[in-house]
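The file data_4.csv comes next; it holds CSV, C-alpha atoms and all ligand atoms.
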chain,number,residue,atom,x,y,z
A,25,MET,CA,-103.2,73.7,29.9
A,26,LYS,CA,-103.3,74.3,26.2
A,27,GLN,CA,-100.5,76.4,24.8
A,28,GLN,CA,-101.8,79.5,23.0
A,29,ASN,CA,-100.2,82.6,21.6
A,30,HIS,CA,-101.1,84.8,24.5
A,31,LEU,CA,-99.6,88.3,24.9
A,32,ILE,CA,-99.6,88.9,28.6
A,33,ASP,CA,-96.1,90.5,29.0
A,34,LEU,CA,-93.9,91.5,26.1
A,35,ASN,CA,-91.0,89.9,27.9
A,36,ASP,CA,-92.5,86.5,27.3
A,37,TYR,CA,-91.2,87.0,23.7
A,38,SER,CA,-87.8,88.0,22.3
A,39,ALA,CA,-87.0,91.5,21.1
A,40,GLU,CA,-86.7,89.9,17.7
A,41,THR,CA,-90.4,89.0,17.8
A,42,TRP,CA,-91.4,92.6,18.8
A,43,GLY,CA,-89.3,93.8,15.8
A,44,LYS,CA,-91.2,91.4,13.5
A,45,ILE,CA,-94.5,92.8,14.7
A,46,VAL,CA,-93.3,96.4,14.2
A,47,SER,CA,-92.0,95.7,10.7
A,48,LEU,CA,-95.3,94.0,9.8
A,49,ALA,CA,-97.1,97.1,11.0
A,50,GLN,CA,-94.9,99.2,8.8
A,51,LEU,CA,-95.7,97.0,5.8
A,52,ILE,CA,-99.4,97.3,6.6
A,53,MET,CA,-99.2,101.1,6.7
A,54,LYS,CA,-97.5,101.1,3.2
A,55,THR,CA,-99.8,98.5,1.5
A,56,PRO,CA,-103.0,98.3,3.5
A,57,HIS,CA,-105.0,96.8,0.6
A,58,VAL,CA,-102.9,93.6,0.8
A,59,TYR,CA,-104.3,92.8,4.3
A,60,LYS,CA,-107.9,93.7,3.6
A,61,GLY,CA,-109.3,90.1,3.9
A,62,ALA,CA,-106.5,88.6,5.9
A,63,CYS,CA,-108.8,87.7,8.9
A,64,THR,CA,-112.0,86.9,7.0
A,65,GLY,CA,-114.1,84.5,9.1
A,66,LYS,CA,-112.2,85.2,12.3
A,67,ILE,CA,-113.8,86.7,15.4
A,68,MET,CA,-112.1,88.9,18.0
A,69,ALA,CA,-113.8,89.5,21.4
A,70,THR,CA,-113.0,92.7,23.3
A,71,LEU,CA,-113.7,92.3,27.0
A,72,PHE,CA,-113.2,95.7,28.7
A,73,TYR,CA,-113.8,95.8,32.4
A,74,GLU,CA,-112.2,99.3,32.6
A,75,PRO,CA,-112.8,102.4,30.4
A,76,SER,CA,-110.9,102.7,27.1
A,77,THR,CA,-111.1,104.8,24.0
A,78,ARG,CA,-107.9,104.2,22.0
A,79,THR,CA,-107.0,100.6,22.9
A,80,GLN,CA,-110.5,99.2,22.4
A,81,MET,CA,-111.4,101.1,19.3
A,82,SER,CA,-108.0,100.7,17.6
A,83,PHE,CA,-108.3,96.9,18.2
A,84,GLN,CA,-111.8,96.9,16.8
A,85,SER,CA,-110.9,99.0,13.9
A,86,ALA,CA,-107.8,96.8,13.2
A,87,MET,CA,-109.9,93.6,13.1
A,88,LEU,CA,-112.6,95.2,10.9
A,89,ARG,CA,-109.9,96.4,8.5
A,90,LEU,CA,-108.5,92.9,8.3
A,91,GLY,CA,-112.0,91.6,7.4
A,92,GLY,CA,-112.8,89.9,10.7
A,93,GLY,CA,-115.7,90.3,13.0
A,94,ILE,CA,-115.9,91.6,16.6
A,95,ILE,CA,-118.0,90.8,19.7
A,96,GLY,CA,-117.6,91.9,23.3
A,97,PHE,CA,-118.6,94.3,26.0
A,98,ASP,CA,-117.2,97.5,27.5
A,99,ASN,CA,-119.7,97.6,30.3
A,100,PRO,CA,-119.5,94.4,32.5
A,101,GLU,CA,-122.8,95.4,34.1
A,102,THR,CA,-124.6,94.2,30.9
A,103,SER,CA,-123.0,90.7,31.0
A,104,SER,CA,-123.3,87.8,33.4
A,105,ILE,CA,-120.5,89.4,35.5
A,106,SER,CA,-123.4,91.4,37.1
A,107,LYS,CA,-124.8,88.1,38.2
A,108,GLY,CA,-121.6,87.3,40.0
A,109,GLU,CA,-119.8,85.2,37.4
A,110,ASN,CA,-116.1,85.1,38.0
A,111,LEU,CA,-113.4,86.2,35.5
A,112,MET,CA,-112.2,82.8,34.5
A,113,ASP,CA,-115.6,81.4,33.8
A,114,THR,CA,-116.4,84.4,31.6
A,115,THR,CA,-113.2,84.2,29.6
A,116,LYS,CA,-113.2,80.4,29.3
A,117,THR,CA,-116.8,80.6,27.8
A,118,ILE,CA,-116.0,83.5,25.4
A,119,SER,CA,-112.8,81.8,24.3
A,120,GLY,CA,-115.1,79.2,22.8
A,121,TYR,CA,-116.9,81.9,20.7
A,122,SER,CA,-113.9,83.7,19.4
A,123,ASP,CA,-110.5,83.3,17.9
A,124,VAL,CA,-108.7,85.9,20.0
A,125,ILE,CA,-109.7,87.8,23.2
A,126,VAL,CA,-108.5,91.3,23.9
A,127,MET,CA,-109.0,92.0,27.6
A,128,ARG,CA,-108.6,94.9,30.0
A,129,HIS,CA,-109.2,94.5,33.7
A,130,TYR,CA,-108.7,96.6,36.8
A,131,LEU,CA,-106.9,93.8,38.7
A,132,GLU,CA,-103.2,93.1,38.3
A,133,GLY,CA,-102.5,89.7,36.8
A,134,ALA,CA,-106.0,89.3,35.4
A,135,ALA,CA,-104.9,88.5,31.8
A,136,LYS,CA,-102.5,85.9,33.0
A,137,ALA,CA,-105.3,84.3,35.1
A,138,ALA,CA,-107.6,84.2,32.0
A,139,ALA,CA,-104.8,82.7,29.9
A,140,LEU,CA,-104.6,79.7,32.2
A,141,THR,CA,-107.9,78.2,31.0
A,142,ALA,CA,-108.7,80.0,27.8
A,143,ASP,CA,-109.1,78.1,24.5
A,144,CYS,CA,-107.9,81.0,22.4
A,145,PRO,CA,-105.1,83.5,22.7
A,146,ILE,CA,-105.6,86.3,25.3
A,147,ILE,CA,-104.1,89.7,24.6
A,148,ASN,CA,-103.5,91.8,27.7
A,149,ALA,CA,-104.9,95.3,27.0
A,150,GLY,CA,-104.0,96.5,30.5
A,151,ASP,CA,-104.2,94.7,33.9
A,152,GLY,CA,-104.7,97.3,36.6
A,153,GLY,CA,-101.5,99.3,37.3
A,154,HIS,CA,-99.3,96.4,36.1
A,155,LEU,CA,-98.6,96.1,32.4
A,156,HIS,CA,-99.9,97.3,29.0
A,157,PRO,CA,-97.9,95.4,26.3
A,158,THR,CA,-99.8,96.5,23.2
A,159,GLN,CA,-99.3,100.2,24.1
A,160,THR,CA,-95.6,99.4,24.2
A,161,LEU,CA,-95.7,97.8,20.7
A,162,THR,CA,-97.4,101.1,19.7
A,163,ASP,CA,-94.6,103.0,21.3
A,164,LEU,CA,-91.9,100.9,19.6
A,165,LEU,CA,-93.5,101.6,16.2
A,166,THR,CA,-93.7,105.3,17.1
A,167,LEU,CA,-90.1,105.5,18.1
A,168,THR,CA,-89.0,103.5,15.0
A,169,GLU,CA,-91.0,105.9,12.7
A,170,GLU,CA,-90.4,109.2,14.4
A,171,LYS,CA,-86.9,108.8,15.9
A,172,GLY,CA,-85.5,106.1,13.6
A,173,GLN,CA,-83.9,104.2,16.5
A,174,LEU,CA,-84.7,102.1,19.6
A,175,SER,CA,-81.2,102.2,21.1
A,176,ASN,CA,-78.8,104.9,22.3
A,177,LEU,CA,-81.6,107.0,23.7
A,178,ASN,CA,-82.1,109.1,26.8
A,179,ILE,CA,-85.7,108.6,27.6
A,180,GLY,CA,-87.5,110.8,30.1
A,181,ILE,CA,-90.6,109.4,31.7
A,182,CYS,CA,-92.8,111.7,33.6
A,183,GLY,CA,-95.9,111.5,35.7
A,184,ASP,CA,-97.5,108.6,37.6
A,185,LEU,CA,-94.7,106.1,37.3
A,186,LYS,CA,-96.1,104.0,40.2
A,187,ASN,CA,-99.5,103.3,38.8
A,188,GLY,CA,-98.9,103.8,35.1
A,189,ARG,CA,-99.0,100.4,33.4
A,190,THR,CA,-97.9,101.8,30.0
A,191,VAL,CA,-94.5,103.0,31.4
A,192,HIS,CA,-93.9,99.7,33.2
A,193,SER,CA,-94.1,97.8,29.9
A,194,LEU,CA,-92.3,100.4,28.0
A,195,VAL,CA,-89.2,100.6,30.3
A,196,ARG,CA,-88.9,96.8,30.4
A,197,ALA,CA,-89.0,96.7,26.6
A,198,LEU,CA,-86.6,99.6,25.9
A,199,SER,CA,-84.1,98.2,28.4
A,200,SER,CA,-83.6,95.3,26.1
A,201,TYR,CA,-82.0,97.6,23.4
A,202,SER,CA,-78.4,98.7,23.8
A,203,ASN,CA,-77.3,101.9,25.6
A,204,ASN,CA,-80.7,103.3,26.6
A,205,LYS,CA,-80.7,105.5,29.6
A,206,PHE,CA,-83.8,106.4,31.6
A,207,THR,CA,-84.7,109.6,33.5
A,208,PHE,CA,-87.7,109.1,35.8
A,209,ILE,CA,-89.4,112.3,36.6
A,210,SER,CA,-92.0,112.0,39.4
A,211,THR,CA,-92.9,112.9,43.0
A,212,PRO,CA,-91.4,110.5,45.5
A,213,GLU,CA,-94.9,109.0,46.2
A,214,LEU,CA,-95.4,108.1,42.5
A,215,SER,CA,-91.9,106.8,41.7
A,216,MET,CA,-91.2,103.8,39.5
A,217,PRO,CA,-91.7,100.4,41.3
A,218,ASP,CA,-88.6,98.4,42.2
A,219,TYR,CA,-89.6,95.4,40.1
A,220,ILE,CA,-89.2,97.6,37.0
A,221,LYS,CA,-86.1,99.5,38.2
A,222,LYS,CA,-84.0,96.5,38.9
A,223,GLU,CA,-80.9,96.2,36.7
A,224,LEU,CA,-81.6,99.4,34.8
A,225,ASP,CA,-79.4,102.4,34.0
A,226,TYR,CA,-81.5,105.2,35.4
A,227,GLN,CA,-81.6,108.5,37.3
A,228,GLU,CA,-84.5,110.0,39.2
A,229,LYS,CA,-85.4,113.7,39.0
A,230,SER,CA,-88.2,115.8,40.6
A,231,SER,CA,-88.3,118.6,38.0
A,232,LEU,CA,-89.1,118.6,34.3
A,233,GLU,CA,-87.0,121.7,33.7
A,234,GLU,CA,-83.9,119.9,35.1
A,235,ALA,CA,-84.4,116.8,33.0
A,236,LEU,CA,-85.5,118.3,29.7
A,237,PRO,CA,-82.2,119.5,28.1
A,238,GLU,CA,-80.7,116.0,28.0
A,239,LEU,CA,-83.6,114.0,26.7
A,240,ASP,CA,-84.1,112.4,23.2
A,241,VAL,CA,-87.6,111.3,24.1
A,242,LEU,CA,-90.1,112.7,26.7
A,243,TYR,CA,-92.9,110.3,27.6
A,244,MET,CA,-95.6,112.1,29.5
A,245,THR,CA,-98.3,110.3,31.5
A,246,ARG,CA,-101.4,111.3,33.4
A,247,ILE,CA,-101.8,110.8,37.2
A,248,GLN,CA,-103.9,107.7,37.4
A,249,ARG,CA,-106.8,109.0,39.5
A,250,GLU,CA,-108.7,105.7,39.5
A,251,ARG,CA,-105.8,103.9,41.3
A,252,PHE,CA,-105.7,106.2,44.4
A,253,ALA,CA,-107.2,105.1,47.7
A,254,ASN,CA,-108.8,108.5,48.2
A,255,ALA,CA,-109.5,111.9,46.5
A,256,SER,CA,-107.2,113.9,48.7
A,257,GLU,CA,-104.1,111.8,47.8
A,258,TYR,CA,-104.9,112.4,44.2
A,259,GLU,CA,-105.4,116.2,44.7
A,260,GLN,CA,-101.9,116.4,46.2
A,261,GLN,CA,-100.4,114.8,43.1
A,262,LYS,CA,-102.3,116.3,40.2
A,263,LYS,CA,-100.8,119.2,38.2
A,264,VAL,CA,-97.3,118.8,39.7
A,265,PHE,CA,-95.8,118.3,36.2
A,266,GLU,CA,-97.1,120.4,33.3
A,267,LEU,CA,-95.3,120.6,29.9
A,268,ASP,CA,-95.8,123.9,28.2
A,269,MET,CA,-93.9,125.9,25.4
A,270,ALA,CA,-91.9,127.9,28.0
A,271,LYS,CA,-90.4,124.7,29.4
A,272,LEU,CA,-89.9,123.1,26.0
A,273,LYS,CA,-87.5,126.0,25.1
A,274,SER,CA,-84.7,124.1,26.8
A,275,ALA,CA,-85.4,120.8,25.0
A,276,LYS,CA,-83.4,119.4,22.1
A,277,PRO,CA,-84.9,120.4,18.7
A,278,ASP,CA,-85.2,116.8,17.7
A,279,MET,CA,-86.6,115.5,21.0
A,280,ILE,CA,-89.9,113.8,20.5
A,281,ILE,CA,-92.9,114.1,22.9
A,282,MET,CA,-95.0,111.0,23.4
A,283,HIS,CA,-98.0,110.3,25.6
A,284,PRO,CA,-100.2,107.1,25.6
A,285,LEU,CA,-103.3,109.4,26.1
A,286,PRO,CA,-105.8,110.3,27.5
A,287,ARG,CA,-104.2,113.6,28.5
A,288,VAL,CA,-105.7,115.5,31.5
A,289,ASP,CA,-103.6,118.6,32.2
A,290,GLU,CA,-100.0,117.4,32.0
A,291,ILE,CA,-99.4,118.8,28.4
A,292,ALA,CA,-100.7,122.3,27.6
A,293,GLY,CA,-102.8,122.5,24.4
A,294,GLU,CA,-100.2,125.0,22.9
A,295,VAL,CA,-97.7,122.1,22.7
A,296,ASP,CA,-99.8,120.2,20.2
A,297,SER,CA,-98.7,122.3,17.2
A,298,ASP,CA,-95.0,121.9,18.0
A,299,PRO,CA,-93.4,119.5,15.5
A,300,ARG,CA,-91.9,117.5,18.4
A,301,ALA,CA,-95.4,116.5,19.7
A,302,LYS,CA,-96.1,113.0,18.4
A,303,TYR,CA,-98.9,111.8,20.6
A,304,PHE,CA,-101.7,111.9,18.2
A,305,LYS,CA,-99.6,110.2,15.5
A,306,GLN,CA,-98.7,107.6,18.2
A,307,ALA,CA,-102.4,106.9,18.8
A,308,ASN,CA,-102.8,106.3,15.0
A,309,TYR,CA,-99.8,104.0,14.9
A,310,GLY,CA,-101.6,101.9,17.6
A,311,MET,CA,-104.1,100.7,15.0
A,312,TYR,CA,-101.5,99.4,12.6
A,313,VAL,CA,-99.5,97.7,15.3
A,314,ARG,CA,-102.7,96.0,16.5
A,315,MET,CA,-103.4,94.8,13.0
A,316,ALA,CA,-99.9,93.3,12.9
A,317,LEU,CA,-100.4,91.7,16.3
A,318,ILE,CA,-103.8,90.1,15.5
A,319,LEU,CA,-102.3,88.7,12.3
A,320,THR,CA,-99.2,87.4,14.2
A,321,VAL,CA,-101.2,85.8,17.0
A,322,LEU,CA,-103.8,84.2,14.7
A,323,ASN,CA,-101.2,82.9,12.2
A,324,HIS,CA,-99.3,81.3,15.1
A,325,ASP,CA,-96.3,83.1,13.7
A,326,ILE,CA,-94.9,83.7,17.2
A,327,ASP,CA,-92.5,81.9,19.4
A,328,MET,CA,-93.5,82.4,23.0
A,329,LYS,CA,-92.1,81.3,26.3
A,330,PRO,CA,-94.5,79.0,28.0
A,331,LEU,CA,-96.5,80.6,30.9
A,332,LEU,CA,-94.1,79.3,33.5
A,333,PHE,CA,-95.5,78.7,37.0
A,334,GLY,CA,-93.8,78.1,40.3
A,335,ASN,CA,-95.2,75.8,42.9
A,336,VAL,CA,-98.7,76.2,44.2
A,337,SER,CA,-98.7,77.8,47.6
A,338,LEU,CA,-101.2,78.3,50.4
A,339,GLN,CA,-99.7,81.8,51.0
A,340,LYS,CA,-101.9,84.7,49.7
A,341,CYS,CA,-100.4,87.5,47.6
A,342,GLU,CA,-99.9,90.7,49.7
A,343,ASN,CA,-101.1,92.9,46.9
A,344,LEU,CA,-104.8,93.6,47.4
A,345,LYS,CA,-105.1,94.6,43.8
A,346,CYS,CA,-103.9,91.2,42.6
A,347,ILE,CA,-106.4,88.9,40.8
A,348,THR,CA,-105.5,86.0,43.2
A,349,ASN,CA,-107.3,87.7,46.0
A,350,TYR,CA,-110.6,87.7,44.1
A,351,GLU,CA,-110.6,84.6,42.0
A,352,GLU,CA,-111.2,81.8,44.4
A,353,SER,CA,-110.2,78.9,42.1
A,354,LEU,CA,-107.0,80.5,41.0
A,355,PRO,CA,-103.9,78.8,42.5
A,356,ASN,CA,-101.5,81.1,44.3
A,357,ARG,CA,-98.1,80.7,42.8
A,358,PHE,CA,-94.8,82.4,43.7
A,359,VAL,CA,-91.3,82.3,42.1
A,360,LYS,CA,-88.1,83.2,43.9
A,361,SER,CA,-86.8,86.8,43.4
A,362,ASP,CA,-83.7,87.9,45.3
A,363,GLY,CA,-84.5,85.3,47.9
A,364,ALA,CA,-88.1,86.4,48.4
A,365,GLY,CA,-91.3,85.0,46.9
A,366,MET,CA,-92.7,87.0,43.9
A,367,CYS,CA,-96.3,86.5,42.9
A,368,GLU,CA,-96.4,85.2,39.4
A,369,TYR,CA,-99.5,87.1,38.4
A,370,CYS,CA,-98.8,90.7,39.6
A,371,GLU,CA,-95.0,90.4,40.3
A,372,ARG,CA,-95.3,91.8,43.9
A,373,VAL,CA,-92.3,90.7,45.9
A,374,GLN,CA,-93.7,89.5,49.3
A,375,ARG,CA,-92.3,91.0,52.5
A,401,LIG,C1,-103.4,104.2,29.0
A,401,LIG,C2,-104.0,103.1,29.9
A,401,LIG,O1,-105.1,102.7,29.8
A,401,LIG,O2,-103.2,102.6,30.6
A,401,LIG,N1,-104.3,104.5,27.9
A,401,LIG,C3,-104.1,103.8,26.7
A,401,LIG,O3,-104.3,102.7,26.7
A,401,LIG,N2,-103.7,104.5,25.7
A,401,LIG,C4,-102.9,105.4,29.7
A,401,LIG,C5,-103.8,106.0,30.7
A,401,LIG,O4,-105.0,105.6,30.9
A,401,LIG,O5,-103.4,106.9,31.4

Represent the structure contained in this file as structure tokens.
Ligand code: NCD
Amino acid sequence: MKQQNHLIDLNDYSAETWGKIVSLAQLIMKTPHVYKGACTGKIMATLFYEPSTRTQMSFQSAMLRLGGGIIGFDNPETSSISKGENLMDTTKTISGYSDVIVMRHYLEGAAKAAALTADCPIINAGDGGHLHPTQTLTDLLTLTEEKGQLSNLNIGICGDLKNGRTVHSLVRALSSYSNNKFTFISTPELSMPDYIKKELDYQEKSSLEEALPELDVLYMTRIQRERFANASEYEQQKKVFELDMAKLKSAKPDMIIMHPLPRVDEIAGEVDSDPRAKYFKQANYGMYVRMALILTVLNHDIDMKPLLFGNVSLQKCENLKCITNYEESLPNRFVKSDGAGMCEYCERVQR
């Protein structure tokens, strides 16, 4: 396997590396003209197997602003996938046409699987309900700019914490900074998975009103309809948490409200004009952070941990949303976690 500068999980890098990417994004915001031709002659492929507005377009806009070119698809039906081609054959082939691949897939662990054989860096733009590291870089830049700090924060995270990949990556990253506390606000059915909660300083609440007064940051998320097994389960979960101006009265005057977007009904439109609402700014920061990330990955200016893999196993991953259950040639690999085996692709601890 050739070592590339993949970005699969932010935790494959040190917090110092994340800080360098955020600082570079700040520099790009201040002096965009300096970076105009920085990727001339380079090609980025965007492979989106799932819908996207902000992630896909901010990556494309980022590359165009750096002077590079873009290829890709956002409708797999128009590519050879519709003929039955598997993920790794597709990504291996496209990695020969491009200098970096940005990939979003509905299966957990898909980006890691692609990275095993790709001849160029793979950037994980979301793998099912698992991780979304480039949204987290966006969130770190937003917090740095709008809050001025990444530590000593009480961060409330509300909504679909089970299926929301943005919050999984975010919590992992913010737990690396000192003295951050987490308040998870969700229904019991949609609570934060154990693999994210372990070794965290957190409390769980079932009401926004109860949590709001203590928070420095409120991170809202939508209920991830596409991850539910059936419509009635989704119907029971939607509209449980709605932020409006009446509720916001009890929040700190300098609390900031973030949301990875798209919003459905979890934040009332009236909140948009409150100075604490930062979500549209956050979406804009995403473009600058992705410019910084593309430059970092292409300039090999990054110091990643190798993609470590445990022993090949005949055992199948229990998670039916894991890539290993669909990609026949992919070796099943597990590492030890608290005495049990944990799938290296999707991180599900096996019973
Ligand atoms: C998020 C995603 O795709 O996970 N969107 C985004 O990238 N900004 C959040 C979501 O879809 O709810």

Taking into account only C-alpha atoms and all ligand atoms, which residue in the set A:Phe265, A:Phe206, A:Phe358, A:Tyr243 is nearest to ligand LIG 401 (chain A)?
A:Tyr243

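Closest to Lys66 (chain A) among A:Asp123, A:Glu351, A:Asp143, A:Glu266 is A:Asp123, based on all atoms listed in the file.
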
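Closest approach to ligand LIG 401 (chain A) among A:Asp113, A:Glu250, A:Asp33, A:Glu40 is made by A:Glu250 (distances from all atoms listed in the file).
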
Kindly provide, as a PyMOL selection string, all nucleotide and amino acid residues lying within 8 Å of ligand LIG 401 (chain A), counting only C-alpha atoms and all ligand atoms.
chain A and resi 75-79+149-150+153+156+159+188-190+245-248+284-287+307

I'd like the contact shell of region 127-136 of chain A - 6 Å cut-off, all atoms listed in the file, skipping same-chain residues fewer than 4 positions apart - returned as a PyMOL selection string.
chain A and resi 70-74+148-152+154+345-347+369-370

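Residues in contact with Ser119 (chain A) at up to 9 Å, not including ones fewer than 6 positions away on its chain and judged by all atoms listed in the file, are Ala69, Ile125, Ala142, Asp143, Cys144, Pro145 and Ile146 of chain A.
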
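Neighbouring residues of Leu272 (chain A) at 9 Å or closer, counting only C-alpha atoms and skipping chain neighbours under 3 positions away, are Glu233, Leu236, Pro237, Leu267, Asp268, Met269, Ala275, Lys276 and Val295 of chain A.
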
Since the input lacks atoms, please generate all heavy atoms for region 349-357 of chain A and provide them as a compact mmCIF listing (two decimals), in the coordinates of the input.
# COMPACT_ATOMS: atom_id res chain seq x y z
N ASN A 349 -106.46 87.45 44.84
CA ASN A 349 -107.30 87.70 46.00
C ASN A 349 -108.75 87.79 45.74
O ASN A 349 -109.55 88.02 46.65
CB ASN A 349 -106.77 89.00 46.72
CG ASN A 349 -105.45 88.75 47.42
OD1 ASN A 349 -105.33 87.78 48.17
ND2 ASN A 349 -104.47 89.58 47.15
N TYR A 350 -109.14 87.63 44.50
CA TYR A 350 -110.60 87.70 44.10
C TYR A 350 -111.09 86.48 43.43
O TYR A 350 -112.27 86.21 43.44
CB TYR A 350 -110.77 88.96 43.21
CG TYR A 350 -110.36 90.21 43.93
CD1 TYR A 350 -109.03 90.63 43.92
CD2 TYR A 350 -111.27 90.93 44.69
CE1 TYR A 350 -108.62 91.75 44.64
CE2 TYR A 350 -110.88 92.04 45.41
CZ TYR A 350 -109.56 92.46 45.37
OH TYR A 350 -109.15 93.55 46.09
N GLU A 351 -110.21 85.76 42.77
CA GLU A 351 -110.60 84.60 42.00
C GLU A 351 -110.37 83.36 42.79
O GLU A 351 -109.21 82.91 42.88
CB GLU A 351 -109.83 84.62 40.66
CG GLU A 351 -110.45 83.87 39.54
CD GLU A 351 -111.55 84.64 38.82
OE1 GLU A 351 -111.83 85.80 39.15
OE2 GLU A 351 -112.15 84.05 37.92
N GLU A 352 -111.42 82.80 43.37
CA GLU A 352 -111.20 81.80 44.40
C GLU A 352 -110.50 80.51 43.84
O GLU A 352 -109.69 79.90 44.52
CB GLU A 352 -112.54 81.37 45.01
CG GLU A 352 -112.81 82.27 46.19
CD GLU A 352 -114.13 82.02 46.85
OE1 GLU A 352 -114.72 80.96 46.61
OE2 GLU A 352 -114.56 82.92 47.58
N SER A 353 -110.80 80.13 42.59
CA SER A 353 -110.20 78.90 42.10
C SER A 353 -108.79 79.02 41.60
O SER A 353 -108.15 78.05 41.22
CB SER A 353 -111.09 78.36 40.93
OG SER A 353 -111.03 79.30 39.88
N LEU A 354 -108.29 80.25 41.61
CA LEU A 354 -107.00 80.50 41.00
C LEU A 354 -105.86 80.06 42.03
O LEU A 354 -105.83 80.54 43.16
CB LEU A 354 -106.83 81.99 40.76
CG LEU A 354 -105.75 82.47 39.83
CD1 LEU A 354 -105.90 81.82 38.46
CD2 LEU A 354 -105.85 83.98 39.68
N PRO A 355 -104.97 79.17 41.60
CA PRO A 355 -103.90 78.80 42.50
C PRO A 355 -102.91 79.90 42.77
O PRO A 355 -102.50 80.57 41.83
CB PRO A 355 -103.24 77.58 41.81
CG PRO A 355 -103.61 77.74 40.38
CD PRO A 355 -104.89 78.50 40.31
N ASN A 356 -102.53 80.11 44.03
CA ASN A 356 -101.50 81.10 44.30
C ASN A 356 -100.15 80.49 43.95
O ASN A 356 -99.86 79.36 44.32
CB ASN A 356 -101.48 81.43 45.82
CG ASN A 356 -102.78 82.07 46.24
OD1 ASN A 356 -103.15 83.11 45.73
ND2 ASN A 356 -103.49 81.42 47.13
N ARG A 357 -99.37 81.25 43.20
CA ARG A 357 -98.10 80.70 42.80
C ARG A 357 -97.02 81.82 42.95
O ARG A 357 -97.27 82.97 42.62
CB ARG A 357 -98.09 80.23 41.35
CG ARG A 357 -98.94 78.98 41.18
CD ARG A 357 -99.01 78.61 39.71
NE ARG A 357 -100.00 77.58 39.46
CZ ARG A 357 -99.70 76.30 39.26
NH1 ARG A 357 -98.46 75.89 39.29
NH2 ARG A 357 -100.66 75.43 39.01
